[in-house]
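Colleague: Let me begin by handing over the structure; questions about it come next.
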Amino acid sequence: MKIHEYQATELLEKAGVPVVKGSMAVDVDEALRVAGSVGYPVVLKAQVLVGGRGKAGGIKKVAGPQELRAAFAQLKALKIKGYPVEKVLVVRAVAIRQEFYAGMVVDTAQSDVVLIASSAGGVDIEETAQTNPRAIKKYYLEGSFELSGPRWEAFIRSVFSEPRYQEKGTEVFRGLIKTFFAYDCSLAEINPLVIDDRDEMLAADAKINFDDNALFRHEDIWKLQDIHYEEPDEAQARQYGLSFVRLDGNVGCVVNGAGLAMATVDIINLVGGAPANFLDVGGSSNPEKVVNALTIILHNKDVKAILINIFGGITRCDDIARGIIEARKRLDLRVPLVVRLIGTNEKEAKALLAEHRISTYPTMGEAIREVVAIAKR
Amino acid sequence: MSILISQNSRVIVQGVTGRDGSFHTQQMVAYGTRVVGGVTPGKGGQEVAGVPVFNTVAEAKEKTKADTAVIYVPAKFAKDALLEDIRAGINLIICITEGIPVLDMVEVMRALKGTGIRLIGPNCPGVISPGKAKVGIMPGHIHVPGPIGIVSRSGTLTYEVVHSLTYQGIGQSTCVGLGGDPIIGTRFVEALEMFMRDDETEGVVMVGEIGGEDEQIAAEYIRKEATKPVVAFIAGRSAPPGKRMGHAGAIISSGKSTAEAKREVLKGAGVTVVDFPEEIPAAFKQKLKCSS
């Protein structure tokens, strides 16, 4: 899950990271109030959860109220990568002397948390990794939150040449660590971390992502989600306990297991078809899940045929069959279904489906070729 | 030989009294696995499928001489279950649980360091050595004993591969589900090393997917050290970048984490990379014929 810059900034400020003064505004009066309290000039920053904001004209510096009104209206009329700008962060404009990068992620290959810093801040860190990899410094936590000792000294000195910045930088990293572990973040990033003309070190932009698996223990974070950024079908699927990703073809799929669901989508493409979605009904066995899955797939008017591909392990085929029969009763199944069921309780499932004159295919390859042929008719 | 588990493995089940735990305990016992005990805190003294239940792993280990633990407890308690196994010194831990927070796994991996304990999973189907033992949730009946080892990041896709091999008369030595999470206890290279050393295994199937770079690391190992043929299938060729495809670890976040990148690197290392899982048996028939 992602949150906006203004929310990430608030979390970091709470953890003791010095930030550029400001506040979020949804209308121009609020923006004027914020600007009045922090003092002009101010910077207006469109709050969107997609990249490329600066290039799209989503950041504007203004010297006074009149300019602010015009700039604010421009931002509110803007769409960045298809997303309208609803919220604008208003902050004091700082005179930047130097820009750094400070971030923190889980390095899954090393199974550890790593602090990342660079004296080349203000640009995309992935770009720096390509163009100037030596400018990126890393510090693995190795199970300790103590930012001291020779390994730490070497890290912080390699980023900040002056002792006073080394001290301030250490404090910033303490705040990052505090936030990261308090809320189960998967990424926390300050870019740029600036030194201004008053020699203060400040977070001038912030980005925080959270581990979806850990949201169950952070109700307060869950509330920060901006629902405008979730595809409605994907949001509904998540509520049903299904994993769903919208694609742009016409063959709907209901599959159990993420790997098999990915392979199904891949093979539909390989044999000349076009998948309409990825859908994993998950491990547990519940006929209602099939009804819910088909409901979501049928929202998509492009769908011409639907494939149900199940390899029963923990999932029982007879439960899936019951779901298919139930769906035929309750939903307007306006397109043909192609069913392939194998594994746990396969015989019971086939008997149930036969009673309702639904035939099944023995292999995944045959079922996929059939459903693709139907969708092309 | 087979790897990781055999008819001699002494298995305890954590979360044995839960819905999934009790069902799969019965299934594992029916398959012939030596399930010697179960653990659910506060439920010691009960029995599940004829298996005695203990309050703690330490107690279960002391009374049953267990060397292997399988975990079916819910995600929010999984870290404690894992740490309990590590403290008790269980040799092999197989964690089925899906949805464990990443930072919990960072802590578990730190606790594992230097202990010599092997963790398989989490978010995996488990391990089966056909005809000897199954520790996990896979349908036992689709497997037959034979010369092919399977190592996979997926569950049901592995069943698909097993099924097509069995259907073509090719059995399996051991099938290892590594798990679909970004942080897992055992990765491709370690499983491949075990298969290369195992005298019963003549060839290995690798089932990979988008996300991370473990397949690239495996390719490097195969290029330098593999002594047996490897056939691979990589899922997620049509996955859009930035979207999580069911597994927490299955997300394209860089050029290297795409299916195409992985396929190319594996091909370069001499691996036969197939487009369809059903092509795997034929690929082995070809390879094993050439090598013998």
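Ligands are numbered from 1 in the order shown, chains are lettered A, B, ... in the order of the structure tokens, and residues start at 1 in each chain.
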Near A:Gln7, within 9 Å and counting only C-alpha atoms, which residues show up once chain neighbours fewer than 2 positions away are dropped, as a short mmCIF file (atom, residue, chain, number, x, y, z; two decimals) with N, CA and C atoms, in the first residue's frame?
Modeller:
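Final output, saved to part.cif:
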data_model
loop_
_atom_site.label_atom_id
_atom_site.label_comp_id
_atom_site.auth_asym_id
_atom_site.auth_seq_id
_atom_site.Cartn_x
_atom_site.Cartn_y
_atom_site.Cartn_z
N ILE A 3 1.05 5.65 0.33
CA ILE A 3 0.37 6.85 0.83
C ILE A 3 0.98 8.08 0.17
N HIS A 4 0.26 9.22 0.34
CA HIS A 4 0.73 10.46 -0.28
C HIS A 4 1.93 11.04 0.46
N GLU A 5 2.60 11.94 -0.23
CA GLU A 5 3.76 12.65 0.33
C GLU A 5 3.42 13.36 1.64
N THR A 9 5.19 12.53 5.10
CA THR A 9 5.92 13.60 5.79
C THR A 9 5.46 13.70 7.25
N GLU A 10 4.14 13.61 7.45
CA GLU A 10 3.60 13.68 8.82
C GLU A 10 4.13 12.54 9.69
N LEU A 11 4.17 11.33 9.12
CA LEU A 11 4.67 10.18 9.89
C LEU A 11 6.13 10.37 10.26
N LEU A 12 6.91 10.88 9.32
CA LEU A 12 8.34 11.07 9.58
C LEU A 12 8.56 12.18 10.61
N MET A 24 -1.35 20.11 3.91
CA MET A 24 -2.12 19.74 2.71
C MET A 24 -3.39 20.60 2.62
N ALA A 206 8.89 12.98 0.66
CA ALA A 206 8.90 11.70 1.37
C ALA A 206 7.97 10.71 0.69
N LYS A 207 8.37 9.47 0.75
CA LYS A 207 7.57 8.41 0.14
C LYS A 207 7.61 7.20 1.06
N ILE A 208 6.44 6.65 1.37
CA ILE A 208 6.40 5.47 2.23
C ILE A 208 5.44 4.44 1.63
N LEU A 224 -5.34 5.45 5.96
CA LEU A 224 -4.69 6.47 5.14
C LEU A 224 -4.82 6.19 3.64
#
Colleague: Write out as an MDAnalysis selection string which residues come within 6 Å of stretch 42-45 of chain A when counting only C-alpha atoms, dropping same-chain ones fewer than 2 positions away.
Modeller: chainID A and resid 40 59:62 88:93
Colleague: Write out the residues from the selection above, keeping C-alpha atoms, as a PDB file, in the first residue's frame.
Modeller:
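And here is the file that came out, selection_31.pdb:
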ATOM      1  CA  TYR A  40       5.851  33.250   1.063  1.00  0.00           C
ATOM      2  CA  ILE A  59       5.039  21.368  -8.749  1.00  0.00           C
ATOM      3  CA  LYS A  60       4.761  25.181  -8.730  1.00  0.00           C
ATOM      4  CA  LYS A  61       6.608  27.859  -6.795  1.00  0.00           C
ATOM      5  CA  VAL A  62       4.634  31.040  -6.052  1.00  0.00           C
ATOM      6  CA  VAL A  88      -2.151  19.896  -2.903  1.00  0.00           C
ATOM      7  CA  LEU A  89       0.676  20.108  -0.387  1.00  0.00           C
ATOM      8  CA  VAL A  90       1.665  23.705   0.399  1.00  0.00           C
ATOM      9  CA  VAL A  91       5.159  24.125   1.831  1.00  0.00           C
ATOM     10  CA  ARG A  92       7.607  26.909   2.528  1.00  0.00           C
ATOM     11  CA  ALA A  93      10.045  27.304  -0.374  1.00  0.00           C
TER      12      ALA A  93
END
Colleague: Contacts of stretch 264-281 of chain A at 9 Å or less, counting only C-alpha atoms, minus same-chain residues fewer than 6 places along, as a PyMOL selection string?
Modeller: (chain A and resi 237+241-258+289-290+293+297+300+302-303+309+364-365+368-369+371-373+375-376) or (chain B and resi 235-239+245-246+275-276)
Colleague: Could you save the residues just selected, with N, CA and C atoms, as a short mmCIF file (atom, residue, chain, number, x, y, z; two decimals), in the first residue's frame?
Modeller:
data_model
loop_
_atom_site.label_atom_id
_atom_site.label_comp_id
_atom_site.auth_asym_id
_atom_site.auth_seq_id
_atom_site.Cartn_x
_atom_site.Cartn_y
_atom_site.Cartn_z
N ALA A 237 -12.36 -7.55 -5.45
CA ALA A 237 -11.75 -8.88 -5.38
C ALA A 237 -11.01 -9.07 -4.06
N GLY A 241 -11.38 -11.82 -0.88
CA GLY A 241 -10.26 -12.73 -0.64
C GLY A 241 -9.72 -13.34 -1.92
N LEU A 242 -9.92 -12.66 -3.04
CA LEU A 242 -9.42 -13.14 -4.33
C LEU A 242 -8.28 -12.23 -4.76
N SER A 243 -7.39 -12.79 -5.55
CA SER A 243 -6.31 -11.98 -6.07
C SER A 243 -6.60 -11.76 -7.56
N PHE A 244 -6.79 -10.50 -7.95
CA PHE A 244 -7.29 -10.20 -9.30
C PHE A 244 -6.48 -9.07 -9.92
N VAL A 245 -6.10 -9.24 -11.18
CA VAL A 245 -5.46 -8.16 -11.92
C VAL A 245 -6.13 -8.07 -13.29
N ARG A 246 -6.58 -6.88 -13.63
CA ARG A 246 -7.27 -6.64 -14.89
C ARG A 246 -6.26 -6.62 -16.04
N LEU A 247 -6.54 -7.36 -17.12
CA LEU A 247 -5.72 -7.32 -18.33
C LEU A 247 -6.63 -6.86 -19.47
N ASP A 248 -6.11 -6.75 -20.70
CA ASP A 248 -6.98 -6.11 -21.69
C ASP A 248 -7.55 -7.03 -22.77
N GLY A 249 -7.59 -8.33 -22.55
CA GLY A 249 -8.14 -9.24 -23.55
C GLY A 249 -9.60 -9.60 -23.30
N ASN A 250 -10.02 -10.76 -23.88
CA ASN A 250 -11.43 -11.13 -23.80
C ASN A 250 -11.69 -12.52 -23.21
N VAL A 251 -10.64 -13.20 -22.74
CA VAL A 251 -10.82 -14.51 -22.13
C VAL A 251 -10.71 -14.36 -20.61
N GLY A 252 -11.83 -14.52 -19.91
CA GLY A 252 -11.81 -14.45 -18.44
C GLY A 252 -11.22 -15.73 -17.88
N CYS A 253 -10.54 -15.66 -16.73
CA CYS A 253 -9.97 -16.87 -16.12
C CYS A 253 -10.25 -16.91 -14.63
N VAL A 254 -10.59 -18.10 -14.16
CA VAL A 254 -10.68 -18.38 -12.73
C VAL A 254 -9.74 -19.55 -12.47
N VAL A 255 -8.70 -19.33 -11.68
CA VAL A 255 -7.68 -20.36 -11.47
C VAL A 255 -7.38 -20.43 -9.97
N ASN A 256 -6.94 -21.60 -9.49
CA ASN A 256 -6.50 -21.66 -8.09
C ASN A 256 -4.98 -21.72 -8.03
N GLY A 257 -4.43 -20.83 -7.24
CA GLY A 257 -2.97 -20.77 -7.09
C GLY A 257 -2.38 -19.72 -8.01
N ALA A 258 -1.44 -18.93 -7.46
CA ALA A 258 -0.87 -17.81 -8.22
C ALA A 258 -0.03 -18.29 -9.40
N LYS A 289 -16.75 -18.43 -3.41
CA LYS A 289 -15.62 -17.75 -4.05
C LYS A 289 -15.72 -17.81 -5.58
N VAL A 290 -16.24 -18.92 -6.08
CA VAL A 290 -16.39 -19.06 -7.53
C VAL A 290 -17.46 -18.08 -8.02
N ALA A 293 -15.94 -14.66 -7.97
CA ALA A 293 -14.95 -14.51 -9.04
C ALA A 293 -15.65 -14.26 -10.37
N ILE A 297 -15.54 -10.99 -12.99
CA ILE A 297 -15.14 -11.16 -14.39
C ILE A 297 -16.22 -10.65 -15.34
N ASN A 300 -16.68 -7.07 -16.78
CA ASN A 300 -15.92 -6.67 -17.96
C ASN A 300 -16.70 -7.06 -19.22
N ASP A 302 -15.94 -6.83 -22.23
CA ASP A 302 -15.17 -7.41 -23.32
C ASP A 302 -15.11 -8.93 -23.28
N VAL A 303 -15.41 -9.50 -22.12
CA VAL A 303 -15.23 -10.95 -21.95
C VAL A 303 -16.17 -11.73 -22.86
N ASN A 309 -9.90 -23.09 -14.48
CA ASN A 309 -8.79 -24.05 -14.47
C ASN A 309 -8.38 -24.33 -13.03
N MET A 364 -5.04 -28.86 -19.22
CA MET A 364 -5.00 -27.41 -19.27
C MET A 364 -4.84 -26.94 -20.73
N GLY A 365 -3.98 -27.63 -21.50
CA GLY A 365 -3.73 -27.24 -22.88
C GLY A 365 -5.00 -27.30 -23.72
N ILE A 368 -7.51 -24.58 -22.69
CA ILE A 368 -7.11 -23.24 -23.12
C ILE A 368 -7.35 -23.06 -24.62
N ARG A 369 -6.99 -24.07 -25.42
CA ARG A 369 -7.21 -23.95 -26.87
C ARG A 369 -8.69 -23.78 -27.16
N VAL A 371 -11.13 -22.53 -25.13
CA VAL A 371 -11.69 -21.24 -24.70
C VAL A 371 -11.21 -20.12 -25.63
N VAL A 372 -9.99 -20.22 -26.13
CA VAL A 372 -9.47 -19.21 -27.05
C VAL A 372 -10.24 -19.27 -28.37
N ALA A 373 -10.53 -20.49 -28.83
CA ALA A 373 -11.29 -20.65 -30.08
C ALA A 373 -12.68 -20.04 -29.94
N ALA A 375 -13.65 -17.64 -27.89
CA ALA A 375 -13.56 -16.19 -27.78
C ALA A 375 -13.33 -15.52 -29.13
N LYS A 376 -12.74 -16.27 -30.07
CA LYS A 376 -12.45 -15.70 -31.40
C LYS A 376 -13.65 -15.75 -32.33
N ALA B 235 6.82 -18.72 -14.91
CA ALA B 235 5.46 -18.16 -15.01
C ALA B 235 5.49 -16.64 -14.93
N GLY B 236 4.53 -16.02 -15.61
CA GLY B 236 4.37 -14.57 -15.51
C GLY B 236 4.86 -13.79 -16.72
N ARG B 237 4.94 -14.47 -17.89
CA ARG B 237 5.43 -13.79 -19.09
C ARG B 237 4.53 -12.66 -19.52
N SER B 238 3.24 -12.76 -19.18
CA SER B 238 2.34 -11.67 -19.61
C SER B 238 1.89 -10.83 -18.42
N ALA B 239 2.64 -10.86 -17.33
CA ALA B 239 2.28 -10.04 -16.16
C ALA B 239 2.63 -8.58 -16.40
N MET B 245 1.18 -10.44 -8.63
CA MET B 245 0.39 -11.51 -9.22
C MET B 245 0.17 -12.63 -8.20
N GLY B 246 -0.72 -12.39 -7.26
CA GLY B 246 -1.10 -13.42 -6.30
C GLY B 246 -0.07 -13.67 -5.21
N ASP B 275 7.88 -23.65 -23.01
CA ASP B 275 6.78 -22.68 -23.06
C ASP B 275 5.54 -23.21 -22.34
N PHE B 276 5.37 -24.55 -22.40
CA PHE B 276 4.19 -25.17 -21.81
C PHE B 276 4.64 -26.22 -20.78
#
Colleague: Considering only C-alpha atoms, extract the chain B residues located within 8 Å of chain A and return them as a ChimeraX atom specification.
Modeller: /B:99-103,105-107,109-110,137-139,142,153-157,159-160,182-183,209,212-214,235-239,243,245-247,275-276,278
Colleague: Could you take the residues named above and write them with N, CA, C and O atoms, as a compact mmCIF listing (two decimals), in the first residue's frame?
Modeller:
# COMPACT_ATOMS: atom_id res chain seq x y z
N GLY B 99 1.12 -15.21 3.97
CA GLY B 99 0.76 -13.89 4.47
C GLY B 99 1.53 -13.42 5.68
O GLY B 99 1.09 -12.52 6.40
N ILE B 100 2.71 -13.98 5.94
CA ILE B 100 3.52 -13.54 7.08
C ILE B 100 4.17 -12.19 6.75
O ILE B 100 4.75 -12.03 5.68
N PRO B 101 4.07 -11.19 7.66
CA PRO B 101 4.71 -9.90 7.40
C PRO B 101 6.21 -10.05 7.12
O PRO B 101 6.88 -10.87 7.73
N VAL B 102 6.69 -9.23 6.18
CA VAL B 102 8.08 -9.34 5.74
C VAL B 102 9.06 -9.11 6.90
O VAL B 102 10.06 -9.82 7.03
N LEU B 103 8.76 -8.11 7.77
CA LEU B 103 9.70 -7.83 8.86
C LEU B 103 9.74 -8.98 9.88
O LEU B 103 10.75 -9.19 10.54
N MET B 105 9.68 -12.06 8.93
CA MET B 105 10.60 -13.00 8.29
C MET B 105 12.05 -12.54 8.40
O MET B 105 12.96 -13.35 8.51
N VAL B 106 12.27 -11.21 8.39
CA VAL B 106 13.64 -10.70 8.58
C VAL B 106 14.15 -11.17 9.95
O VAL B 106 15.28 -11.64 10.09
N GLU B 107 13.27 -11.08 10.95
CA GLU B 107 13.64 -11.49 12.31
C GLU B 107 13.91 -13.00 12.37
O GLU B 107 14.88 -13.45 12.99
N MET B 109 14.82 -14.97 9.89
CA MET B 109 16.04 -15.31 9.14
C MET B 109 17.29 -14.97 9.96
O MET B 109 18.30 -15.67 9.89
N ARG B 110 17.20 -13.89 10.75
CA ARG B 110 18.32 -13.53 11.62
C ARG B 110 18.52 -14.61 12.68
O ARG B 110 19.64 -15.03 12.97
N ILE B 137 0.83 -29.89 1.85
CA ILE B 137 -0.59 -29.88 1.46
C ILE B 137 -0.82 -30.42 0.05
O ILE B 137 -1.94 -30.39 -0.46
N MET B 138 0.23 -30.91 -0.62
CA MET B 138 0.05 -31.36 -2.01
C MET B 138 -0.78 -32.65 -2.05
O MET B 138 -0.74 -33.45 -1.12
N PRO B 139 -1.55 -32.87 -3.15
CA PRO B 139 -2.29 -34.13 -3.28
C PRO B 139 -1.30 -35.27 -3.54
O PRO B 139 -0.62 -35.30 -4.56
N ILE B 142 -1.01 -37.92 -6.95
CA ILE B 142 -0.53 -37.61 -8.31
C ILE B 142 0.97 -37.91 -8.46
O ILE B 142 1.48 -37.90 -9.57
N ARG B 153 8.62 -22.30 -7.02
CA ARG B 153 8.13 -21.19 -6.19
C ARG B 153 6.61 -21.23 -6.08
O ARG B 153 6.02 -20.36 -5.45
N SER B 154 6.00 -22.22 -6.71
CA SER B 154 4.54 -22.24 -6.79
C SER B 154 3.98 -23.53 -6.21
O SER B 154 4.70 -24.50 -5.99
N GLY B 155 2.67 -23.56 -5.98
CA GLY B 155 2.01 -24.76 -5.47
C GLY B 155 1.31 -25.51 -6.58
O GLY B 155 1.81 -26.51 -7.11
N THR B 156 0.15 -24.99 -7.01
CA THR B 156 -0.66 -25.73 -7.98
C THR B 156 0.05 -25.91 -9.32
O THR B 156 -0.16 -26.91 -9.99
N LEU B 157 0.90 -24.96 -9.69
CA LEU B 157 1.63 -25.12 -10.95
C LEU B 157 2.59 -26.31 -10.85
O LEU B 157 2.84 -27.01 -11.84
N TYR B 159 1.92 -28.99 -9.10
CA TYR B 159 1.07 -30.18 -9.26
C TYR B 159 0.87 -30.47 -10.75
O TYR B 159 0.86 -31.61 -11.19
N GLU B 160 0.68 -29.40 -11.50
CA GLU B 160 0.49 -29.52 -12.95
C GLU B 160 1.71 -30.21 -13.58
O GLU B 160 1.56 -31.11 -14.41
N PRO B 182 8.60 -13.04 -0.84
CA PRO B 182 9.89 -12.45 -1.21
C PRO B 182 11.04 -12.94 -0.33
O PRO B 182 12.17 -13.03 -0.80
N ILE B 183 10.77 -13.22 0.94
CA ILE B 183 11.83 -13.78 1.79
C ILE B 183 11.47 -15.22 2.11
O ILE B 183 10.44 -15.48 2.73
N GLU B 209 9.24 -17.93 -11.39
CA GLU B 209 8.24 -16.93 -11.75
C GLU B 209 8.85 -15.54 -11.68
O GLU B 209 10.00 -15.37 -11.26
N GLY B 212 12.13 -10.78 -8.05
CA GLY B 212 13.43 -11.14 -7.51
C GLY B 212 14.41 -11.57 -8.59
O GLY B 212 14.16 -11.40 -9.79
N GLU B 213 15.54 -12.11 -8.16
CA GLU B 213 16.57 -12.53 -9.11
C GLU B 213 17.10 -13.92 -8.77
O GLU B 213 18.21 -14.28 -9.16
N ASP B 214 16.31 -14.69 -8.02
CA ASP B 214 16.79 -16.02 -7.61
C ASP B 214 17.05 -16.94 -8.80
O ASP B 214 17.96 -17.76 -8.77
N ALA B 235 6.82 -18.72 -14.91
CA ALA B 235 5.46 -18.16 -15.01
C ALA B 235 5.49 -16.64 -14.93
O ALA B 235 6.35 -16.06 -14.27
N GLY B 236 4.53 -16.02 -15.61
CA GLY B 236 4.37 -14.57 -15.51
C GLY B 236 4.86 -13.79 -16.72
O GLY B 236 5.12 -12.60 -16.63
N ARG B 237 4.94 -14.47 -17.89
CA ARG B 237 5.43 -13.79 -19.09
C ARG B 237 4.53 -12.66 -19.52
O ARG B 237 4.97 -11.71 -20.16
N SER B 238 3.24 -12.76 -19.18
CA SER B 238 2.34 -11.67 -19.61
C SER B 238 1.89 -10.83 -18.42
O SER B 238 0.89 -10.12 -18.51
N ALA B 239 2.64 -10.86 -17.33
CA ALA B 239 2.28 -10.04 -16.16
C ALA B 239 2.63 -8.58 -16.40
O ALA B 239 3.73 -8.28 -16.85
N LYS B 243 2.49 -4.92 -10.85
CA LYS B 243 1.30 -5.56 -10.28
C LYS B 243 1.71 -6.84 -9.56
O LYS B 243 2.46 -7.65 -10.11
N MET B 245 1.18 -10.44 -8.63
CA MET B 245 0.39 -11.51 -9.22
C MET B 245 0.17 -12.63 -8.20
O MET B 245 0.80 -13.68 -8.25
N GLY B 246 -0.72 -12.39 -7.26
CA GLY B 246 -1.10 -13.42 -6.30
C GLY B 246 -0.07 -13.67 -5.21
O GLY B 246 -0.34 -13.48 -4.04
N HIS B 247 1.14 -14.07 -5.57
CA HIS B 247 2.19 -14.26 -4.58
C HIS B 247 2.78 -12.91 -4.18
O HIS B 247 2.98 -12.05 -5.03
N ASP B 275 7.88 -23.65 -23.01
CA ASP B 275 6.78 -22.68 -23.06
C ASP B 275 5.54 -23.21 -22.34
O ASP B 275 4.74 -22.45 -21.82
N PHE B 276 5.37 -24.55 -22.40
CA PHE B 276 4.19 -25.17 -21.81
C PHE B 276 4.64 -26.22 -20.78
O PHE B 276 5.58 -26.98 -21.06
N GLU B 278 3.36 -28.94 -20.15
CA GLU B 278 3.21 -30.29 -20.70
C GLU B 278 4.39 -30.71 -21.59
O GLU B 278 4.48 -31.86 -21.98
Colleague: Name the residues in contact with B:Ser164 at a cut-off of 8 Å, using only C-alpha atoms, excluding same-chain residues fewer than 5 positions from it; report them as a short mmCIF file (atom, residue, chain, number, x, y, z; two decimals) with all heavy atoms, in the first residue's frame.
Modeller:
data_model
loop_
_atom_site.label_atom_id
_atom_site.label_comp_id
_atom_site.auth_asym_id
_atom_site.auth_seq_id
_atom_site.Cartn_x
_atom_site.Cartn_y
_atom_site.Cartn_z
N PRO B 277 3.97 -26.29 -19.62
CA PRO B 277 4.36 -27.30 -18.62
C PRO B 277 4.30 -28.72 -19.21
O PRO B 277 5.10 -29.57 -18.86
CB PRO B 277 3.32 -27.13 -17.51
CG PRO B 277 2.75 -25.78 -17.68
CD PRO B 277 2.88 -25.42 -19.13
N GLU B 278 3.36 -28.94 -20.15
CA GLU B 278 3.21 -30.29 -20.70
C GLU B 278 4.39 -30.71 -21.59
O GLU B 278 4.48 -31.86 -21.98
CB GLU B 278 1.87 -30.41 -21.44
CG GLU B 278 1.75 -29.48 -22.64
CD GLU B 278 0.30 -29.06 -22.94
OE1 GLU B 278 -0.39 -28.54 -22.01
OE2 GLU B 278 -0.15 -29.23 -24.07
N ILE B 280 7.47 -30.59 -20.52
CA ILE B 280 8.56 -30.98 -19.63
C ILE B 280 8.92 -32.47 -19.74
O ILE B 280 10.10 -32.81 -19.86
CB ILE B 280 8.26 -30.55 -18.17
CG1 ILE B 280 8.30 -29.01 -18.09
CG2 ILE B 280 9.25 -31.18 -17.19
CD1 ILE B 280 7.82 -28.44 -16.77
N PRO B 281 7.93 -33.39 -19.74
CA PRO B 281 8.30 -34.82 -19.84
C PRO B 281 9.12 -35.12 -21.09
O PRO B 281 10.16 -35.80 -21.01
CB PRO B 281 6.94 -35.53 -19.87
CG PRO B 281 6.00 -34.59 -19.23
CD PRO B 281 6.48 -33.21 -19.55
#
Colleague: To one decimal place in Å, what is the distance between atom CA of B:Pro125 and atom CA of A:Glu348?
Modeller: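 Atom CA of B:Pro125 sits 23.6 Å away from atom CA of A:Glu348.
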Colleague: Using only C-alpha atoms, which residues sit within 9 Å of B:Ser254 once same-chain residues fewer than 4 positions away are excluded, as a list in words?
Modeller: Gly211, Gly212, Pro241, Gly242 and Thr258 of chain B
Colleague: Once you have the residues from the selection above, write them out as a compact mmCIF listing (two decimals), in the first residue's frame, restricted to C-alpha atoms.
Modeller:
# COMPACT_ATOMS: atom_id res chain seq x y z
CA GLY B 211 9.98 -11.20 -9.06
CA GLY B 212 13.43 -11.14 -7.51
CA PRO B 241 4.93 -4.45 -14.43
CA GLY B 242 4.27 -3.25 -10.89
CA THR B 258 10.70 -10.27 -15.72
Colleague: For each of A:Leu202, A:Lys178, A:Tyr361, A:Ala31, take the minimum atom-to-atom distance to A:Ala70, counting only C-alpha atoms, then give the residue where this is smallest.
Modeller: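 Of the candidates, the smallest distance to A:Ala70 is held by A:Ala31.
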Colleague: Can you pull out every residue from stretch 42-254 of chain A that DSSP, working from the backbone, puts in strand (DSSP E), and format the result as an NGL selection string?
Modeller: :A and (42-46 or 59-62 or 79-80 or 83-84 or 88-92 or 96-107 or 112-118 or 136-140 or 185-196 or 201-203 or 206-210 or 243-246 or 251-254)
